Amino acid sequence: MRELTTDVLVVGGGPAGLSAAAEAAGAGAEVIIAESDLHLGGQLVKQSHKFFGSKDEFAGTRGFEIAKILMNEIAQNGDRVKTMLGTTINGYYGDEGVVTAMVGEEEYLRVIPQKIVVASGAQERLLPFPNNDIPGVYGAGAVQTLMNVYGVVPGKRVLMVGAGNIGLIVSYQLLQAGVEVAAILEAMPRIGGYWVHAAKVRRMGVPILLRHSIKRALGGEIVTGAEVNELDEKFDPIGAAERIECDAICLAVGLAPTNELLWQAGCAMKYVPFLCGHVPLRDKYMRTSNENVWMAGDVSGIEEASAAMIEGRIAGLSAAKALGLKVPDEKFDGYRERLRDLRAGEVGEKIRAGVEAVVVGGWEERT
Amino acid sequence: MDLINSHPVLDFLHGEKVSFSFDGKIMEGFEGEPIAVALHANGVRIYRRTPEMKRPRGFFCAIGKCSSCFMVVDGIPNVRTCVTPLKKGMKVETQYGRGRILFQPGEEARPCES
Ligand SMILES: Cc1cc2nc3c(=O)[nH]c(=O)nc-3n(C[C@H](O)[C@H](O)[C@H](O)COP(=O)(O)OP(=O)(O)OC[C@H]3O[C@@H](n4cnc5c(N)ncnc54)[C@H](O)[C@@H]3O)c2cc1C
Ligand code: FES
């Protein structure tokens, strides 16, 4: 079995992982980025809209272009950073200091890293309803992959479930790709996403049905439509179900941290609703209770790419410092200030409360 | 193929167009792009049948996490077609049930149902 050694293993090549790799390599560490997908960039490559967030984190730039900027920064470190695509990190064996990786469908190998930054992002939530397993029911991420990465039409007429930012943005992206959006369903009495995104799709004639949910997918083998219901205050269906014709149903009902590796690594975890699931406790360097493991990005709590990039920088820098490399301490202060600015005000209220619930003082003394 | 012809912000740089087979039918797709994506562009929606209920399964998560897109590729079952790149001449087949695994490289496929 092939065996690789490295100073820092970064799990996941999204904005958080790329930023962590750039910092760690910038400080002189050898880095391997393992990415299960066939390309780097994580969620960024699927985003064709101009990003919200802070200017330092490229707000106003389209997602896939941000990914390119980060990859260029990494390229400046020459061959200190190795990227392994199609590579999934799937096992952590603490006693031996080994993690295992699956490369493609064929090769299984061992990686022996000194430090690990887990930046595995998020996973979509599912919704239970009859026939939710038949072809034509997709996660929002899959629809984005098809149309924004590979230019393949996901369907002719799509029913979107969920009016948070993802549901709204993906609906808009569908319209851009020339696909009809039958309606956007939202179980809550109000739109969850930003008003600008909702206004854009409404202007293009897509109805947003509040207090509505999907009852079942129709079609014996492949989706041909859906039955939808209005809901009362207790989220129970009222009235007769209405039939909507569509050949695809797109679920955009939230994300949860992809935290399996952190569980395996024995990191102390906590369920924090504001961060959308189980997330590790951490010190202010994004280091977990396992002193060789850091985390950054959506896996530390569902937030945004801007925050993911700063967290990645903090984690990468801290891992480099723990390796004994020279790292200017002011750099941490600068990143932390940017994070504070990003989470300021009303929009950051939930994130601030969530993060507060998992930050542990006193761990910083570890080297 | 069901491709987006013009897009206001994105350009799609596809690789080389190659042919492959799906259940014996010859189809075209772009080399290096996921097998599942090429099938979808060719209008194929059902990728496998579940072992017990024989339910149809197709494209779902696109990130190799849900097992919905498992197919038999060049004789090897349970291939995550959403993250496995298409190659020229690949033989892609619908997977029925758990599939059969190759016991030794080069050896005849054996059933793995117990
Ligand atoms: C539709 C949509 C619109 C958005 N719009 C904005 C916006 O305008 N502004 C903004 O700031 N944010 C936005 N976001 C959020 C932003 O995209 C995410 O917060 C950000 O991508 C999180 O970065 P990440 O690096 O933590 O995770 P990801 O980008 O999800 O990357 C994680 C990577 O890790 C890989 N991975 C996972 N597990 C493993 C493993 N075991 N081994 C190897 N690799 C693994 C995955 O394949 C993936 O590439 C949007 C998100 C969506 C879905
Ligand atoms: S579609 Fe989920 S594993 Fe391929």
# chains A, B, ... in the order shown; residues from 1 in each chain; ligands from 1
$ interface_residues --of "chain A" --to "chain B" --cutoff "7 Å" --atoms "only C-alpha atoms" --output "compact mmCIF listing (two decimals) with all heavy atoms, in the first residue's frame"
# COMPACT_ATOMS: atom_id res chain seq x y z
N ASP A 37 -13.55 15.58 -4.98
CA ASP A 37 -14.07 15.92 -6.30
C ASP A 37 -12.97 15.87 -7.36
O ASP A 37 -11.79 15.72 -7.04
CB ASP A 37 -14.71 17.30 -6.26
CG ASP A 37 -15.96 17.37 -7.13
OD1 ASP A 37 -15.96 16.73 -8.20
OD2 ASP A 37 -16.91 18.06 -6.75
N LEU A 38 -13.36 16.06 -8.61
CA LEU A 38 -12.39 16.00 -9.70
C LEU A 38 -11.72 17.34 -9.94
O LEU A 38 -10.89 17.49 -10.82
CB LEU A 38 -13.08 15.52 -10.98
CG LEU A 38 -13.75 14.14 -10.89
CD1 LEU A 38 -14.48 13.82 -12.18
CD2 LEU A 38 -12.73 13.07 -10.56
N SER A 48 -22.09 31.00 -9.83
CA SER A 48 -21.85 31.95 -10.91
C SER A 48 -22.27 33.36 -10.51
O SER A 48 -22.09 34.29 -11.27
CB SER A 48 -22.63 31.51 -12.15
OG SER A 48 -23.96 31.23 -11.80
N GLY A 104 -9.71 7.62 -6.41
CA GLY A 104 -10.59 7.07 -7.43
C GLY A 104 -11.34 5.90 -6.85
O GLY A 104 -11.69 5.89 -5.67
N GLU A 105 -11.56 4.86 -7.66
CA GLU A 105 -12.29 3.68 -7.17
C GLU A 105 -11.33 2.54 -6.91
O GLU A 105 -11.73 1.46 -6.52
CB GLU A 105 -13.33 3.24 -8.20
CG GLU A 105 -14.40 4.27 -8.48
CD GLU A 105 -15.39 4.40 -7.34
OE1 GLU A 105 -15.98 3.41 -6.93
OE2 GLU A 105 -15.55 5.53 -6.84
N ASP A 133 -36.93 9.07 -3.41
CA ASP A 133 -35.73 8.35 -3.86
C ASP A 133 -35.67 8.16 -5.37
O ASP A 133 -34.68 7.65 -5.88
CB ASP A 133 -35.67 6.97 -3.18
CG ASP A 133 -36.88 6.10 -3.52
OD1 ASP A 133 -37.94 6.65 -3.88
OD2 ASP A 133 -36.77 4.86 -3.43
N ILE A 134 -36.72 8.56 -6.12
CA ILE A 134 -36.69 8.23 -7.54
C ILE A 134 -35.87 9.26 -8.34
O ILE A 134 -35.69 10.40 -7.92
CB ILE A 134 -38.12 8.07 -8.15
CG1 ILE A 134 -38.92 9.37 -8.07
CG2 ILE A 134 -38.86 6.92 -7.50
CD1 ILE A 134 -40.27 9.30 -8.77
N PRO A 135 -35.35 8.83 -9.48
CA PRO A 135 -34.57 9.76 -10.30
C PRO A 135 -35.39 10.99 -10.68
O PRO A 135 -36.57 10.88 -11.01
CB PRO A 135 -34.24 8.92 -11.54
CG PRO A 135 -34.26 7.51 -11.06
CD PRO A 135 -35.34 7.45 -10.03
N VAL A 137 -35.34 13.57 -8.41
CA VAL A 137 -35.24 14.32 -7.15
C VAL A 137 -33.76 14.54 -6.90
O VAL A 137 -32.99 13.57 -6.83
CB VAL A 137 -35.87 13.54 -5.97
CG1 VAL A 137 -35.73 14.34 -4.68
CG2 VAL A 137 -37.32 13.20 -6.24
N TYR A 138 -33.36 15.79 -6.82
CA TYR A 138 -31.93 16.10 -6.69
C TYR A 138 -31.67 16.99 -5.49
O TYR A 138 -32.51 17.80 -5.12
CB TYR A 138 -31.44 16.90 -7.90
CG TYR A 138 -31.63 16.26 -9.23
CD1 TYR A 138 -32.60 16.72 -10.09
CD2 TYR A 138 -30.79 15.24 -9.64
CE1 TYR A 138 -32.77 16.15 -11.34
CE2 TYR A 138 -30.95 14.66 -10.89
CZ TYR A 138 -31.94 15.12 -11.73
OH TYR A 138 -32.09 14.56 -12.95
N GLY A 139 -30.50 16.90 -4.95
CA GLY A 139 -30.03 17.91 -4.02
C GLY A 139 -29.67 19.16 -4.82
O GLY A 139 -29.31 19.06 -5.99
N GLY A 141 -27.15 21.00 -4.66
CA GLY A 141 -25.75 20.95 -5.08
C GLY A 141 -25.58 20.16 -6.37
O GLY A 141 -24.77 20.52 -7.23
N ALA A 142 -26.35 19.09 -6.51
CA ALA A 142 -26.23 18.26 -7.72
C ALA A 142 -26.73 19.03 -8.94
O ALA A 142 -26.14 18.96 -10.02
CB ALA A 142 -27.03 16.97 -7.53
N THR A 145 -24.06 21.38 -9.85
CA THR A 145 -22.93 20.69 -10.49
C THR A 145 -23.25 20.43 -11.95
O THR A 145 -22.44 20.72 -12.84
CB THR A 145 -22.64 19.36 -9.77
OG1 THR A 145 -22.37 19.65 -8.41
CG2 THR A 145 -21.46 18.65 -10.38
N LEU A 146 -24.44 19.89 -12.19
CA LEU A 146 -24.82 19.58 -13.58
C LEU A 146 -24.75 20.83 -14.45
O LEU A 146 -24.11 20.85 -15.49
CB LEU A 146 -26.25 19.04 -13.62
CG LEU A 146 -26.46 17.55 -13.42
CD1 LEU A 146 -27.95 17.25 -13.45
CD2 LEU A 146 -25.75 16.75 -14.50
N TYR A 150 -20.75 21.55 -15.49
CA TYR A 150 -20.66 20.76 -16.72
C TYR A 150 -21.58 21.22 -17.85
O TYR A 150 -21.56 20.63 -18.93
CB TYR A 150 -20.90 19.28 -16.39
CG TYR A 150 -19.86 18.75 -15.42
CD1 TYR A 150 -20.19 18.44 -14.11
CD2 TYR A 150 -18.53 18.63 -15.81
CE1 TYR A 150 -19.22 17.99 -13.22
CE2 TYR A 150 -17.56 18.18 -14.94
CZ TYR A 150 -17.91 17.86 -13.64
OH TYR A 150 -16.96 17.43 -12.77
N GLY A 151 -22.40 22.22 -17.58
CA GLY A 151 -23.23 22.75 -18.66
C GLY A 151 -24.30 21.79 -19.15
O GLY A 151 -24.70 21.83 -20.32
N VAL A 152 -24.77 20.92 -18.25
CA VAL A 152 -25.82 19.97 -18.63
C VAL A 152 -27.15 20.45 -18.04
O VAL A 152 -27.22 20.84 -16.87
CB VAL A 152 -25.48 18.56 -18.10
CG1 VAL A 152 -26.65 17.60 -18.30
CG2 VAL A 152 -24.24 18.04 -18.80
N VAL A 153 -28.20 20.42 -18.86
CA VAL A 153 -29.52 20.86 -18.41
C VAL A 153 -30.09 19.84 -17.43
O VAL A 153 -30.24 18.68 -17.78
CB VAL A 153 -30.47 21.00 -19.62
CG1 VAL A 153 -31.80 21.56 -19.18
CG2 VAL A 153 -29.84 21.89 -20.69
N GLN A 176 -31.22 31.32 -15.59
CA GLN A 176 -30.11 31.73 -16.45
C GLN A 176 -29.74 30.65 -17.46
O GLN A 176 -29.30 30.94 -18.56
CB GLN A 176 -28.86 32.01 -15.60
CG GLN A 176 -28.84 33.36 -14.95
CD GLN A 176 -27.51 33.60 -14.24
OE1 GLN A 176 -26.97 32.68 -13.61
NE2 GLN A 176 -26.99 34.79 -14.33
N ALA A 177 -29.90 29.40 -17.03
CA ALA A 177 -29.53 28.29 -17.91
C ALA A 177 -30.67 27.94 -18.86
O ALA A 177 -30.59 26.96 -19.60
CB ALA A 177 -29.15 27.07 -17.07
N GLU A 221 -41.42 5.75 -12.06
CA GLU A 221 -39.99 5.47 -12.16
C GLU A 221 -39.14 6.73 -12.14
O GLU A 221 -38.07 6.75 -11.58
CB GLU A 221 -39.72 4.74 -13.50
CG GLU A 221 -40.36 3.38 -13.60
CD GLU A 221 -39.43 2.31 -13.13
OE1 GLU A 221 -38.55 1.92 -13.90
OE2 GLU A 221 -39.56 1.86 -11.98
$ residues_around --residues "region 252-258 of chain A" --least-positions-apart "3" --cutoff "9 Å" --atoms "only C-alpha atoms" --output "PyMOL selection string"
chain A and resi 119-127+139-141+160-168+170+261-262+275-279+298-302
$ write_last_selection --atoms "C-alpha atoms" --output "tab-separated table (two decimals), in the first residue's frame"
chain	number	residue	atom	x	y	z
A	119	ALA	CA	-12.15	21.59	5.72
A	120	SER	CA	-14.71	19.12	4.42
A	121	GLY	CA	-17.57	21.60	4.09
A	122	ALA	CA	-21.20	20.67	4.32
A	123	GLN	CA	-23.65	18.05	3.25
A	124	GLU	CA	-27.21	18.63	2.14
A	125	ARG	CA	-30.16	17.70	4.25
A	126	LEU	CA	-32.88	15.49	2.88
A	127	LEU	CA	-36.61	15.81	3.23
A	139	GLY	CA	-30.03	17.91	-4.02
A	140	ALA	CA	-29.49	21.58	-4.90
A	141	GLY	CA	-25.75	20.95	-5.08
A	160	MET	CA	-37.62	24.09	-5.99
A	161	VAL	CA	-38.18	23.14	-2.36
A	162	GLY	CA	-36.83	25.77	0.05
A	163	ALA	CA	-36.63	29.56	-0.21
A	164	GLY	CA	-33.43	30.12	1.72
A	165	ASN	CA	-30.47	31.68	-0.11
A	166	ILE	CA	-29.53	28.42	-1.77
A	167	GLY	CA	-33.05	27.74	-3.09
A	168	LEU	CA	-33.34	31.31	-4.37
A	170	VAL	CA	-30.18	28.06	-7.60
A	261	LEU	CA	-13.67	12.62	10.20
A	262	LEU	CA	-13.78	14.88	13.25
A	275	LEU	CA	-24.26	26.25	13.38
A	276	CYS	CA	-26.60	23.65	11.82
A	277	GLY	CA	-25.38	20.47	13.48
A	278	HIS	CA	-22.64	18.78	15.48
A	279	VAL	CA	-19.45	20.83	15.40
A	298	ASP	CA	-18.67	25.02	6.88
A	299	VAL	CA	-17.57	21.93	8.80
A	300	SER	CA	-17.04	24.19	11.82
A	301	GLY	CA	-20.57	25.58	11.43
A	302	ILE	CA	-22.56	26.50	8.31
$ residues_around --residues "Gly41 (chain A)" --least-positions-apart "5" --cutoff "9 Å" --atoms "only C-alpha atoms" --output "list in words"
Gly12, Gly13, Gly14, Pro15, Gly17, Leu18, Lys46, Gly63, Phe64, Ile66, Ala67, Lys68, Leu70 and Met71 of chain A
$ write_last_selection --atoms "all heavy atoms" --output "compact mmCIF listing (two decimals), in the first residue's frame"
# COMPACT_ATOMS: atom_id res chain seq x y z
N GLY A 12 -10.13 18.50 1.96
CA GLY A 12 -11.13 19.33 1.29
C GLY A 12 -10.49 20.54 0.64
O GLY A 12 -9.74 21.27 1.27
N GLY A 13 -10.77 20.72 -0.65
CA GLY A 13 -10.17 21.83 -1.40
C GLY A 13 -11.17 22.92 -1.74
O GLY A 13 -11.13 23.49 -2.83
N GLY A 14 -12.07 23.22 -0.82
CA GLY A 14 -12.97 24.37 -0.99
C GLY A 14 -12.27 25.64 -0.53
O GLY A 14 -11.06 25.63 -0.30
N PRO A 15 -13.01 26.73 -0.39
CA PRO A 15 -12.38 27.99 0.02
C PRO A 15 -11.63 27.88 1.34
O PRO A 15 -10.54 28.45 1.48
CB PRO A 15 -13.55 28.96 0.14
CG PRO A 15 -14.79 28.16 0.06
CD PRO A 15 -14.46 26.91 -0.66
N GLY A 17 -10.25 25.10 2.76
CA GLY A 17 -9.07 24.25 2.59
C GLY A 17 -7.99 24.94 1.78
O GLY A 17 -6.81 24.88 2.12
N LEU A 18 -8.39 25.61 0.70
CA LEU A 18 -7.40 26.30 -0.13
C LEU A 18 -6.72 27.40 0.66
O LEU A 18 -5.50 27.60 0.57
CB LEU A 18 -8.07 26.89 -1.38
CG LEU A 18 -8.59 25.89 -2.42
CD1 LEU A 18 -9.34 26.61 -3.53
CD2 LEU A 18 -7.44 25.06 -2.99
N LYS A 46 -19.28 26.16 -8.22
CA LYS A 46 -20.66 26.04 -8.70
C LYS A 46 -21.38 27.38 -8.68
O LYS A 46 -22.52 27.48 -9.09
CB LYS A 46 -21.44 25.08 -7.80
CG LYS A 46 -20.83 23.71 -7.71
CD LYS A 46 -21.66 22.87 -6.77
CE LYS A 46 -20.89 21.66 -6.33
NZ LYS A 46 -21.57 20.96 -5.23
N GLY A 63 -18.22 33.41 -7.68
CA GLY A 63 -17.64 32.32 -6.91
C GLY A 63 -16.50 31.60 -7.60
O GLY A 63 -15.41 31.44 -7.05
N PHE A 64 -16.71 31.18 -8.86
CA PHE A 64 -15.69 30.36 -9.52
C PHE A 64 -14.41 31.15 -9.76
O PHE A 64 -13.33 30.59 -9.87
CB PHE A 64 -16.22 29.74 -10.82
CG PHE A 64 -16.67 30.73 -11.86
CD1 PHE A 64 -15.78 31.21 -12.80
CD2 PHE A 64 -17.99 31.18 -11.88
CE1 PHE A 64 -16.20 32.11 -13.77
CE2 PHE A 64 -18.41 32.09 -12.83
CZ PHE A 64 -17.51 32.57 -13.77
N ILE A 66 -13.26 33.41 -7.55
CA ILE A 66 -12.57 33.42 -6.25
C ILE A 66 -11.71 32.16 -6.13
O ILE A 66 -10.56 32.21 -5.68
CB ILE A 66 -13.58 33.47 -5.09
CG1 ILE A 66 -14.45 34.73 -5.19
CG2 ILE A 66 -12.86 33.43 -3.75
CD1 ILE A 66 -15.54 34.83 -4.15
N ALA A 67 -12.25 31.03 -6.56
CA ALA A 67 -11.49 29.78 -6.50
C ALA A 67 -10.18 29.91 -7.27
O ALA A 67 -9.13 29.48 -6.81
CB ALA A 67 -12.33 28.63 -7.06
N LYS A 68 -10.24 30.55 -8.44
CA LYS A 68 -9.04 30.72 -9.26
C LYS A 68 -8.00 31.58 -8.56
O LYS A 68 -6.80 31.30 -8.62
CB LYS A 68 -9.39 31.37 -10.60
CG LYS A 68 -9.91 30.37 -11.60
CD LYS A 68 -9.95 31.02 -12.99
CE LYS A 68 -11.11 30.45 -13.79
NZ LYS A 68 -11.74 31.43 -14.65
N LEU A 70 -7.52 31.91 -5.36
CA LEU A 70 -6.88 31.11 -4.30
C LEU A 70 -5.90 30.10 -4.88
O LEU A 70 -4.81 29.89 -4.34
CB LEU A 70 -7.94 30.39 -3.47
CG LEU A 70 -8.80 31.28 -2.56
CD1 LEU A 70 -9.93 30.47 -1.94
CD2 LEU A 70 -7.95 31.93 -1.47
N MET A 71 -6.27 29.49 -5.99
CA MET A 71 -5.37 28.50 -6.59
C MET A 71 -4.08 29.16 -7.10
O MET A 71 -3.01 28.58 -6.99
CB MET A 71 -6.08 27.76 -7.71
CG MET A 71 -7.07 26.75 -7.15
SD MET A 71 -7.84 25.80 -8.45
CE MET A 71 -9.50 26.34 -8.36
$ residues_around --residues "Met204 (chain A)" --least-positions-apart "4" --cutoff "10 Å" --atoms "only C-alpha atoms" --output "list in words"
Tyr172, Leu175, Val181, Ala199 and Lys200 of chain A
$ closest_residue --among "A:Val143, A:Met188, A:Cys246, A:Ala315" --to "ligand 2" --atoms "only C-alpha atoms and all ligand atoms"
A:Val143
